[in-house]
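entry.pdb follows (PDB, C-alpha atoms and all ligand atoms):
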```pdb
ATOM      1  CA  MET I   1      23.269 -23.470 -11.707  1.00  0.00           C
ATOM      2  CA  SER I   2      22.455 -20.113 -10.116  1.00  0.00           C
ATOM      3  CA  LYS I   3      22.275 -20.072  -6.334  1.00  0.00           C
ATOM      4  CA  VAL I   4      19.711 -17.238  -6.534  1.00  0.00           C
ATOM      5  CA  LYS I   5      16.290 -18.447  -5.369  1.00  0.00           C
ATOM      6  CA  ALA I   6      14.561 -15.190  -4.428  1.00  0.00           C
ATOM      7  CA  PHE I   7      14.519 -11.455  -5.070  1.00  0.00           C
ATOM      8  CA  ILE I   8      13.496  -8.995  -2.343  1.00  0.00           C
ATOM      9  CA  PHE I   9      12.498  -5.543  -3.557  1.00  0.00           C
ATOM     10  CA  ASP I  10      12.532  -2.321  -1.614  1.00  0.00           C
ATOM     11  CA  LEU I  11       9.557  -0.106  -2.525  1.00  0.00           C
ATOM     12  CA  ASP I  12      10.390   3.596  -2.445  1.00  0.00           C
ATOM     13  CA  GLY I  13      13.062   4.367  -5.049  1.00  0.00           C
ATOM     14  CA  VAL I  14      13.022   0.862  -6.551  1.00  0.00           C
ATOM     15  CA  ILE I  15       9.433   0.123  -7.579  1.00  0.00           C
ATOM     16  CA  THR I  16       8.028   3.654  -7.434  1.00  0.00           C
ATOM     17  CA  ASP I  17       9.115   7.092  -6.255  1.00  0.00           C
ATOM     18  CA  THR I  18       7.093   7.657  -3.099  1.00  0.00           C
ATOM     19  CA  ALA I  19       9.997   9.826  -1.834  1.00  0.00           C
ATOM     20  CA  GLU I  20       8.296  12.798  -3.493  1.00  0.00           C
ATOM     21  CA  PHE I  21       5.081  12.187  -1.512  1.00  0.00           C
ATOM     22  CA  HIS I  22       7.081  11.708   1.725  1.00  0.00           C
ATOM     23  CA  TYR I  23       8.836  14.989   0.917  1.00  0.00           C
ATOM     24  CA  LEU I  24       5.580  16.897   0.400  1.00  0.00           C
ATOM     25  CA  ALA I  25       4.038  15.458   3.591  1.00  0.00           C
ATOM     26  CA  TRP I  26       7.109  16.227   5.765  1.00  0.00           C
ATOM     27  CA  LYS I  27       7.330  19.694   4.193  1.00  0.00           C
ATOM     28  CA  LYS I  28       3.739  20.443   5.186  1.00  0.00           C
ATOM     29  CA  LEU I  29       4.315  19.337   8.785  1.00  0.00           C
ATOM     30  CA  ALA I  30       7.624  21.219   8.981  1.00  0.00           C
ATOM     31  CA  GLN I  31       6.033  24.441   7.720  1.00  0.00           C
ATOM     32  CA  GLU I  32       3.211  24.149  10.248  1.00  0.00           C
ATOM     33  CA  GLU I  33       5.695  23.643  13.074  1.00  0.00           C
ATOM     34  CA  GLY I  34       8.179  26.298  11.937  1.00  0.00           C
ATOM     35  CA  MET I  35      10.940  23.827  11.038  1.00  0.00           C
ATOM     36  CA  GLU I  36      13.363  23.946   8.152  1.00  0.00           C
ATOM     37  CA  PHE I  37      13.001  21.073   5.699  1.00  0.00           C
ATOM     38  CA  ASP I  38      14.338  20.727   2.174  1.00  0.00           C
ATOM     39  CA  ARG I  39      15.108  18.094  -0.461  1.00  0.00           C
ATOM     40  CA  GLU I  40      18.619  17.611   0.877  1.00  0.00           C
ATOM     41  CA  ILE I  41      17.296  16.544   4.298  1.00  0.00           C
ATOM     42  CA  ASN I  42      14.641  14.435   2.569  1.00  0.00           C
ATOM     43  CA  GLU I  43      17.448  12.482   0.840  1.00  0.00           C
ATOM     44  CA  THR I  44      18.794  11.411   4.250  1.00  0.00           C
ATOM     45  CA  LEU I  45      15.376   9.950   5.180  1.00  0.00           C
ATOM     46  CA  LYS I  46      15.275   7.356   2.389  1.00  0.00           C
ATOM     47  CA  GLY I  47      14.688   3.891   3.770  1.00  0.00           C
ATOM     48  CA  VAL I  48      14.503   5.293   7.307  1.00  0.00           C
ATOM     49  CA  SER I  49      11.400   4.638   9.456  1.00  0.00           C
ATOM     50  CA  ARG I  50       8.790   7.334  10.074  1.00  0.00           C
ATOM     51  CA  THR I  51       9.734   7.970  13.724  1.00  0.00           C
ATOM     52  CA  GLU I  52      13.461   7.999  12.997  1.00  0.00           C
ATOM     53  CA  SER I  53      12.826  10.386  10.082  1.00  0.00           C
ATOM     54  CA  LEU I  54      11.033  12.834  12.388  1.00  0.00           C
ATOM     55  CA  LYS I  55      13.833  12.562  14.957  1.00  0.00           C
ATOM     56  CA  ARG I  56      16.337  13.497  12.237  1.00  0.00           C
ATOM     57  CA  ILE I  57      14.240  16.509  11.160  1.00  0.00           C
ATOM     58  CA  LEU I  58      13.988  17.661  14.781  1.00  0.00           C
ATOM     59  CA  ALA I  59      17.731  17.223  15.322  1.00  0.00           C
ATOM     60  CA  HIS I  60      18.447  19.207  12.161  1.00  0.00           C
ATOM     61  CA  ASN I  61      16.357  22.037  13.623  1.00  0.00           C
ATOM     62  CA  GLY I  62      17.876  21.737  17.110  1.00  0.00           C
ATOM     63  CA  ARG I  63      14.429  20.901  18.505  1.00  0.00           C
ATOM     64  CA  THR I  64      13.321  18.341  21.064  1.00  0.00           C
ATOM     65  CA  VAL I  65       9.723  17.332  21.801  1.00  0.00           C
ATOM     66  CA  SER I  66       8.054  14.862  24.186  1.00  0.00           C
ATOM     67  CA  GLU I  67       7.262  11.307  23.062  1.00  0.00           C
ATOM     68  CA  ASN I  68       3.562  12.243  22.859  1.00  0.00           C
ATOM     69  CA  VAL I  69       4.208  15.185  20.557  1.00  0.00           C
ATOM     70  CA  LEU I  70       6.589  13.075  18.465  1.00  0.00           C
ATOM     71  CA  GLU I  71       3.871  10.468  17.977  1.00  0.00           C
ATOM     72  CA  ALA I  72       1.223  13.092  17.215  1.00  0.00           C
ATOM     73  CA  TRP I  73       3.423  14.802  14.599  1.00  0.00           C
ATOM     74  CA  ALA I  74       4.355  11.486  12.978  1.00  0.00           C
ATOM     75  CA  ARG I  75       0.648  10.602  12.826  1.00  0.00           C
ATOM     76  CA  ARG I  76      -0.179  13.979  11.277  1.00  0.00           C
ATOM     77  CA  LYS I  77       2.548  13.606   8.648  1.00  0.00           C
ATOM     78  CA  ASN I  78       1.181  10.169   7.852  1.00  0.00           C
ATOM     79  CA  GLY I  79      -2.302  11.619   7.330  1.00  0.00           C
ATOM     80  CA  TYR I  80      -0.890  13.979   4.710  1.00  0.00           C
ATOM     81  CA  TYR I  81       1.095  11.140   3.118  1.00  0.00           C
ATOM     82  CA  LEU I  82      -2.018   8.932   2.924  1.00  0.00           C
ATOM     83  CA  GLU I  83      -3.854  11.688   1.048  1.00  0.00           C
ATOM     84  CA  PHE I  84      -0.999  11.893  -1.467  1.00  0.00           C
ATOM     85  CA  ILE I  85      -0.739   8.143  -2.058  1.00  0.00           C
ATOM     86  CA  GLU I  86      -4.459   7.908  -2.828  1.00  0.00           C
ATOM     87  CA  THR I  87      -3.474   9.326  -6.228  1.00  0.00           C
ATOM     88  CA  ILE I  88      -1.091   6.442  -7.016  1.00  0.00           C
ATOM     89  CA  THR I  89      -1.883   4.401 -10.153  1.00  0.00           C
ATOM     90  CA  PRO I  90       0.140   1.950 -12.319  1.00  0.00           C
ATOM     91  CA  ALA I  91       1.448   5.048 -14.145  1.00  0.00           C
ATOM     92  CA  HIS I  92       3.633   5.637 -11.056  1.00  0.00           C
ATOM     93  CA  LEU I  93       5.579   2.381 -11.582  1.00  0.00           C
ATOM     94  CA  LEU I  94       9.238   2.930 -12.450  1.00  0.00           C
ATOM     95  CA  PRO I  95      10.095   1.701 -15.973  1.00  0.00           C
ATOM     96  CA  ARG I  96      10.576  -2.073 -16.480  1.00  0.00           C
ATOM     97  CA  VAL I  97       9.599  -3.063 -12.935  1.00  0.00           C
ATOM     98  CA  VAL I  98       6.666  -5.227 -14.050  1.00  0.00           C
ATOM     99  CA  ASN I  99       8.821  -6.755 -16.799  1.00  0.00           C
ATOM    100  CA  ILE I 100      11.440  -7.777 -14.192  1.00  0.00           C
ATOM    101  CA  LEU I 101       8.764  -9.254 -11.903  1.00  0.00           C
ATOM    102  CA  GLU I 102       7.368 -11.233 -14.827  1.00  0.00           C
ATOM    103  CA  LEU I 103      10.792 -12.514 -15.913  1.00  0.00           C
ATOM    104  CA  LEU I 104      11.521 -13.690 -12.354  1.00  0.00           C
ATOM    105  CA  LYS I 105       8.179 -15.492 -12.219  1.00  0.00           C
ATOM    106  CA  GLN I 106       8.957 -17.238 -15.529  1.00  0.00           C
ATOM    107  CA  LYS I 107      12.303 -18.376 -14.135  1.00  0.00           C
ATOM    108  CA  GLY I 108      10.663 -19.766 -10.972  1.00  0.00           C
ATOM    109  CA  ILE I 109      12.381 -17.255  -8.697  1.00  0.00           C
ATOM    110  CA  LYS I 110      10.386 -16.193  -5.656  1.00  0.00           C
ATOM    111  CA  THR I 111       9.739 -12.540  -4.910  1.00  0.00           C
ATOM    112  CA  ALA I 112       9.140 -10.490  -1.774  1.00  0.00           C
ATOM    113  CA  LEU I 113       8.650  -6.859  -0.904  1.00  0.00           C
ATOM    114  CA  GLY I 114      10.984  -5.568   1.823  1.00  0.00           C
ATOM    115  CA  SER I 115       9.866  -2.011   2.567  1.00  0.00           C
ATOM    116  CA  ALA I 116      10.285   0.075   5.722  1.00  0.00           C
ATOM    117  CA  SER I 117       6.921   1.672   5.017  1.00  0.00           C
ATOM    118  CA  LYS I 118       3.851   0.858   7.108  1.00  0.00           C
ATOM    119  CA  ASN I 119       1.842   1.961   4.065  1.00  0.00           C
ATOM    120  CA  ALA I 120       3.490  -0.415   1.590  1.00  0.00           C
ATOM    121  CA  ARG I 121       0.346  -2.496   0.965  1.00  0.00           C
ATOM    122  CA  ALA I 122      -1.679   0.599   0.064  1.00  0.00           C
ATOM    123  CA  VAL I 123       1.047   1.685  -2.389  1.00  0.00           C
ATOM    124  CA  LEU I 124       1.244  -1.792  -4.004  1.00  0.00           C
ATOM    125  CA  SER I 125      -2.513  -1.810  -4.335  1.00  0.00           C
ATOM    126  CA  GLY I 126      -2.508   1.602  -6.090  1.00  0.00           C
ATOM    127  CA  LEU I 127       0.223   0.312  -8.415  1.00  0.00           C
ATOM    128  CA  GLU I 128      -1.844  -2.885  -9.000  1.00  0.00           C
ATOM    129  CA  ILE I 129       1.124  -5.219  -8.463  1.00  0.00           C
ATOM    130  CA  THR I 130       0.282  -6.877  -5.097  1.00  0.00           C
ATOM    131  CA  ASP I 131      -0.202 -10.299  -6.689  1.00  0.00           C
ATOM    132  CA  TYR I 132       3.342 -10.413  -8.051  1.00  0.00           C
ATOM    133  CA  PHE I 133       4.762 -10.904  -4.537  1.00  0.00           C
ATOM    134  CA  ASP I 134       4.926 -14.225  -2.693  1.00  0.00           C
ATOM    135  CA  VAL I 135       5.655 -12.389   0.578  1.00  0.00           C
ATOM    136  CA  ILE I 136       5.108  -8.819   1.715  1.00  0.00           C
ATOM    137  CA  GLY I 137       7.455  -7.505   4.396  1.00  0.00           C
ATOM    138  CA  ASP I 138       6.701  -3.945   5.493  1.00  0.00           C
ATOM    139  CA  GLY I 139       7.081  -1.519   8.392  1.00  0.00           C
ATOM    140  CA  ASN I 140       4.675  -3.636  10.450  1.00  0.00           C
ATOM    141  CA  SER I 141       6.589  -6.915  10.011  1.00  0.00           C
ATOM    142  CA  VAL I 142       9.515  -6.367  12.398  1.00  0.00           C
ATOM    143  CA  GLU I 143      10.458  -4.148  15.346  1.00  0.00           C
ATOM    144  CA  ARG I 144      13.887  -2.983  14.232  1.00  0.00           C
ATOM    145  CA  SER I 145      13.914  -1.159  10.905  1.00  0.00           C
ATOM    146  CA  LYS I 146      16.745  -0.824   8.338  1.00  0.00           C
ATOM    147  CA  PRO I 147      19.785  -0.723   8.729  1.00  0.00           C
ATOM    148  CA  ALA I 148      19.010  -3.748  10.959  1.00  0.00           C
ATOM    149  CA  PRO I 149      18.812  -6.932   8.818  1.00  0.00           C
ATOM    150  CA  ASP I 150      15.534  -8.033  10.462  1.00  0.00           C
ATOM    151  CA  LEU I 151      13.116  -7.135   7.660  1.00  0.00           C
ATOM    152  CA  PHE I 152      15.092  -8.953   4.960  1.00  0.00           C
ATOM    153  CA  LEU I 153      15.609 -11.971   7.227  1.00  0.00           C
ATOM    154  CA  PHE I 154      11.849 -11.959   7.893  1.00  0.00           C
ATOM    155  CA  CYS I 155      11.225 -12.066   4.116  1.00  0.00           C
ATOM    156  CA  ALA I 156      13.737 -14.912   3.593  1.00  0.00           C
ATOM    157  CA  GLU I 157      12.170 -16.956   6.372  1.00  0.00           C
ATOM    158  CA  LYS I 158       8.636 -16.449   5.023  1.00  0.00           C
ATOM    159  CA  LEU I 159       9.868 -17.351   1.519  1.00  0.00           C
ATOM    160  CA  ASN I 160      11.597 -20.398   2.982  1.00  0.00           C
ATOM    161  CA  VAL I 161      14.848 -19.459   1.222  1.00  0.00           C
ATOM    162  CA  ASN I 162      18.346 -19.215   2.756  1.00  0.00           C
ATOM    163  CA  PRO I 163      19.530 -15.573   3.079  1.00  0.00           C
ATOM    164  CA  GLU I 164      22.608 -16.435   0.962  1.00  0.00           C
ATOM    165  CA  CYS I 165      20.258 -17.290  -1.913  1.00  0.00           C
ATOM    166  CA  CYS I 166      18.415 -13.950  -1.770  1.00  0.00           C
ATOM    167  CA  VAL I 167      19.092 -10.855  -3.869  1.00  0.00           C
ATOM    168  CA  VAL I 168      17.938  -7.519  -2.411  1.00  0.00           C
ATOM    169  CA  VAL I 169      17.236  -4.533  -4.667  1.00  0.00           C
ATOM    170  CA  GLU I 170      17.687  -1.297  -2.684  1.00  0.00           C
ATOM    171  CA  ASP I 171      18.179   2.426  -3.297  1.00  0.00           C
ATOM    172  CA  ALA I 172      18.985   3.563   0.263  1.00  0.00           C
ATOM    173  CA  GLU I 173      22.288   3.285   2.129  1.00  0.00           C
ATOM    174  CA  ALA I 174      20.380   2.025   5.200  1.00  0.00           C
ATOM    175  CA  GLY I 175      18.824  -0.707   3.049  1.00  0.00           C
ATOM    176  CA  VAL I 176      22.110  -1.801   1.465  1.00  0.00           C
ATOM    177  CA  GLU I 177      23.641  -2.045   4.939  1.00  0.00           C
ATOM    178  CA  ALA I 178      20.664  -4.089   6.174  1.00  0.00           C
ATOM    179  CA  ALA I 179      20.907  -6.523   3.245  1.00  0.00           C
ATOM    180  CA  LYS I 180      24.666  -7.006   3.661  1.00  0.00           C
ATOM    181  CA  LYS I 181      24.171  -7.705   7.380  1.00  0.00           C
ATOM    182  CA  ALA I 182      21.632 -10.343   6.326  1.00  0.00           C
ATOM    183  CA  ALA I 183      24.382 -11.955   4.137  1.00  0.00           C
ATOM    184  CA  MET I 184      22.377 -11.335   0.954  1.00  0.00           C
ATOM    185  CA  THR I 185      23.526 -10.230  -2.500  1.00  0.00           C
ATOM    186  CA  VAL I 186      22.701  -6.558  -3.028  1.00  0.00           C
ATOM    187  CA  VAL I 187      21.711  -4.701  -6.168  1.00  0.00           C
ATOM    188  CA  GLY I 188      21.958  -0.968  -5.473  1.00  0.00           C
ATOM    189  CA  ILE I 189      19.889   1.547  -7.429  1.00  0.00           C
ATOM    190  CA  GLY I 190      21.460   4.998  -7.553  1.00  0.00           C
ATOM    191  CA  ASP I 191      24.865   6.560  -7.032  1.00  0.00           C
ATOM    192  CA  PRO I 192      27.712   3.946  -6.991  1.00  0.00           C
ATOM    193  CA  GLU I 193      29.712   6.119  -4.579  1.00  0.00           C
ATOM    194  CA  LYS I 194      26.915   6.214  -1.998  1.00  0.00           C
ATOM    195  CA  LEU I 195      26.051   2.527  -2.495  1.00  0.00           C
ATOM    196  CA  SER I 196      29.623   1.207  -2.592  1.00  0.00           C
ATOM    197  CA  GLU I 197      28.738  -1.738  -0.310  1.00  0.00           C
ATOM    198  CA  ALA I 198      26.364  -3.156  -2.942  1.00  0.00           C
ATOM    199  CA  ASP I 199      27.483  -6.059  -5.173  1.00  0.00           C
ATOM    200  CA  TYR I 200      26.023  -4.439  -8.290  1.00  0.00           C
ATOM    201  CA  VAL I 201      24.898  -0.839  -8.822  1.00  0.00           C
ATOM    202  CA  TYR I 202      22.621   0.464 -11.577  1.00  0.00           C
ATOM    203  CA  GLY I 203      21.331   3.974 -12.175  1.00  0.00           C
ATOM    204  CA  ALA I 204      17.716   2.768 -12.405  1.00  0.00           C
ATOM    205  CA  PRO I 205      15.769  -0.531 -12.139  1.00  0.00           C
ATOM    206  CA  ALA I 206      15.379  -0.522 -15.941  1.00  0.00           C
ATOM    207  CA  GLU I 207      19.158  -1.043 -16.251  1.00  0.00           C
ATOM    208  CA  ILE I 208      19.287  -4.190 -14.087  1.00  0.00           C
ATOM    209  CA  ASN I 209      21.040  -7.042 -15.929  1.00  0.00           C
ATOM    210  CA  LEU I 210      19.117 -10.053 -14.629  1.00  0.00           C
ATOM    211  CA  ASP I 211      21.152 -12.621 -16.596  1.00  0.00           C
ATOM    212  CA  LEU I 212      24.388 -11.342 -15.056  1.00  0.00           C
ATOM    213  CA  ILE I 213      23.010 -11.454 -11.511  1.00  0.00           C
ATOM    214  CA  LEU I 214      21.493 -14.911 -11.961  1.00  0.00           C
TER     215      LEU I 214
HETATM  216  P1  LIG I 301       5.952   5.119   6.293  1.00  0.00           P
HETATM  217  P2  LIG I 301      11.202   1.983   1.585  1.00  0.00           P
HETATM  218  C1  LIG I 301      10.650   3.981   3.279  1.00  0.00           C
HETATM  219  O1  LIG I 301      10.275   3.162   2.217  1.00  0.00           O
HETATM  220  C2  LIG I 301      10.924   5.383   2.762  1.00  0.00           C
HETATM  221  O2  LIG I 301      12.061   5.391   1.914  1.00  0.00           O
HETATM  222  C3  LIG I 301      11.188   6.314   3.915  1.00  0.00           C
HETATM  223  O3  LIG I 301      11.412   7.626   3.457  1.00  0.00           O
HETATM  224  C4  LIG I 301       9.974   6.280   4.866  1.00  0.00           C
HETATM  225  O4  LIG I 301      10.179   7.116   5.996  1.00  0.00           O
HETATM  226  C5  LIG I 301       9.753   4.828   5.317  1.00  0.00           C
HETATM  227  O5  LIG I 301       9.543   4.021   4.188  1.00  0.00           O
HETATM  228  C6  LIG I 301       8.562   4.691   6.260  1.00  0.00           C
HETATM  229  O6  LIG I 301       7.383   4.971   5.572  1.00  0.00           O
HETATM  230  O7  LIG I 301       5.904   6.449   6.992  1.00  0.00           O
HETATM  231  O8  LIG I 301       4.985   5.020   5.139  1.00  0.00           O
HETATM  232  O9  LIG I 301       5.807   3.964   7.256  1.00  0.00           O
HETATM  233  O10 LIG I 301      12.264   2.673   0.773  1.00  0.00           O
HETATM  234  O11 LIG I 301      11.765   1.136   2.706  1.00  0.00           O
HETATM  235  O12 LIG I 301      10.220   1.241   0.729  1.00  0.00           O
HETATM  236 MG    MG I 302      13.936   2.812  -0.798  1.00  0.00          MG
END
```
Could the structure of this file be written out as structure tokens, please?
Ligand code: B16
Ligand code: MG
Amino acid sequence: MSKVKAFIFDLDGVITDTAEFHYLAWKKLAQEEGMEFDREINETLKGVSRTESLKRILAHNGRTVSENVLEAWARRKNGYYLEFIETITPAHLLPRVVNILELLKQKGIKTALGSASKNARAVLSGLEITDYFDVIGDGNSVERSKPAPDLFLFCAEKLNVNPECCVVVEDAEAGVEAAKKAAMTVVGIGDPEKLSEADYVYGAPAEINLDLIL
């Protein structure tokens, strides 16, 4: 019998591609503040918290600002991001995601969301998939964000499932690291070279072989 009792899904890059909206929002802030920002830097922000993302953008530009300014800029970026995510509908779901959630439900496997985003609930609501999740872990659930294991451990505890019986689906290196630290099985979505710590790697969620993992 399979030891797998729960699946924990990351949001951005696994369920939907909010990375594009994060990119556009950071780009707007960066332009206003005279900072360089491109898609390559945006790649390094995947799975990373909002404040840490801004710190990385500042470091890339050799800039330092006070804590107050940092907070104000992060808040401003979030305002832009919120405007973008208002446009999210089920059409923004990555292929086969709902099918996977339904198959897991049929098999009696619990599901949780494990996203670093403080806006995860708004995104799930736009996608109309909130009810598929037994537990929602987001950027408000724990203090320490990925690559700390805290968020995934929070999800396992709320699901009442041992971490060893959880499978995490993640697209970011920080997320794979967090899941491994939590002693969970990891399904990486993306480049096998970048996600070499994952137990399985697929190019997209649609390619996930559930039978093999279970
Ligand atoms: P927010 P995930 C992450 O989502 C994004 O990948 C990352 O780029 C973003 O900075 C982070 O959420 C925080 O998002 O500003 O909305 O709180 O991949 O963990 O679902
Ligand atoms: Mg992600």
Selected residue, from I:Glu197, I:Asp138, I:Glu86, I:Glu157, that lies nearest to ligand MG 302 (chain I) when counting all atoms listed in the file: I:Asp138
Name the residues in contact with I:Leu29 at a cut-off of 10 Å, using all atoms listed in the file, excluding same-chain residues fewer than 2 positions from it; report them as number ranges by chain. I: 24-27, 31-35, 37, 73-74, 76-78, 80
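Using the PyMOL selection byres (((not hetatm)) within 8 of (chain I and resi 302)) on this structure selects Asp10, Leu11, Asp12, Gly13, Val14, Lys46, Gly47, Ser115, Ala116, Glu170, Asp171, Ala172 and Gly175 of chain I.
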I need the residues from that last selection saved to file as an mmCIF file, in the frame of the given file (with C-alpha atoms), if you can.
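Output file result_8.cif follows:
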```cif
data_model
loop_
_atom_site.group_PDB
_atom_site.id
_atom_site.type_symbol
_atom_site.label_atom_id
_atom_site.label_comp_id
_atom_site.auth_asym_id
_atom_site.auth_seq_id
_atom_site.Cartn_x
_atom_site.Cartn_y
_atom_site.Cartn_z
ATOM 1 C CA ASP I 10 12.532 -2.321 -1.614
ATOM 2 C CA LEU I 11 9.557 -0.106 -2.525
ATOM 3 C CA ASP I 12 10.390 3.596 -2.445
ATOM 4 C CA GLY I 13 13.062 4.367 -5.049
ATOM 5 C CA VAL I 14 13.022 0.862 -6.551
ATOM 6 C CA LYS I 46 15.275 7.356 2.389
ATOM 7 C CA GLY I 47 14.688 3.891 3.770
ATOM 8 C CA SER I 115 9.866 -2.011 2.567
ATOM 9 C CA ALA I 116 10.285 0.075 5.722
ATOM 10 C CA GLU I 170 17.687 -1.297 -2.684
ATOM 11 C CA ASP I 171 18.179 2.426 -3.297
ATOM 12 C CA ALA I 172 18.985 3.563 0.263
ATOM 13 C CA GLY I 175 18.824 -0.707 3.049
#
```
Would you compute an axis-aligned box for stretch 17-31 of chain I, covering every atom listed for it in the file with 8 Å of margin on each side, and report centre and edge lengths in Å to one decimal as AutoDock Vina command-line options?
```
--center_x 6.9 --center_y 15.8 --center_z 1.4 --size_x 22.3 --size_y 33.3 --size_z 31.2
```
Just the residues within 6 Å of I:Leu127, please, counting all atoms listed in the file, with nothing from its chain fewer than 2 positions along; format it as a ChimeraX atom specification. /I:89-90,124-125,129
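Closest approach to I:Val169 among I:Cys155, I:Val201, I:Leu212, I:Val123: I:Val201, based on all atoms listed in the file.
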Spell out the residues picked by the PyMOL selection byres (((chain I and resi 182) around 12) and not hetatm) here, as a ChimeraX atom specification. /I:8,146-157,162-168,175-181,183-186
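With distances taken over all atoms listed in the file, I:Arg50 is the one residue among I:Arg39, I:Arg121, I:Lys3, I:Arg50 lying closest to ligand LIG 301 (chain I).
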May I ask for the distance between atom CA of I:Leu103 and atom O2 of ligand LIG 301 (chain I), given in Å to one decimal place? 25.3 Å
So which one's closest to I:Glu43, I:Tyr23, I:Ile189, I:Lys28, I:Ser145? Using only C-alpha atoms, please. I:Tyr23
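For the set I:Ala30, I:Leu113, I:Val97, I:Ala206, the residue with the smallest atom-to-atom gap to ligand LIG 301 (chain I) is I:Leu113, counting only C-alpha atoms and all ligand atoms.
For the atom pair formed by atom CA of I:Lys110 and atom CA of I:Leu93, the distance is 20.1 Å, given to one decimal.
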Would you pick out the contacts of I:His92 at 9 Å or less, using only C-alpha atoms, so that residues sharing its chain but fewer than 2 positions from it are not included, and give the list as a list in words? Ile15, Thr16, Asp17, Thr18, Ile88, Thr89, Pro90, Leu94, Gly126 and Leu127 of chain I
State, in Å with one decimal place, the distance from atom P1 of ligand LIG 301 (chain I) to atom CA of I:Ala72. 14.3 Å
Run the PyMOL selection byres (((chain I and resi 210) around 9) and not hetatm) against the file shown and list the residues it catches, as a ChimeraX atom specification. /I:100,103-104,208-209,211-214
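Residues in contact with I:Arg96 at up to 9 Å, not including ones fewer than 5 positions away on its chain and judged by all atoms listed in the file, are Leu101, Pro205, Ala206 and Glu207 of chain I.
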Return the single residue from I:Ile109, I:Arg56, I:Glu83, I:Asn119 that is closest to ligand LIG 301 (chain I), with distances computed using only C-alpha atoms and all ligand atoms. I:Asn119
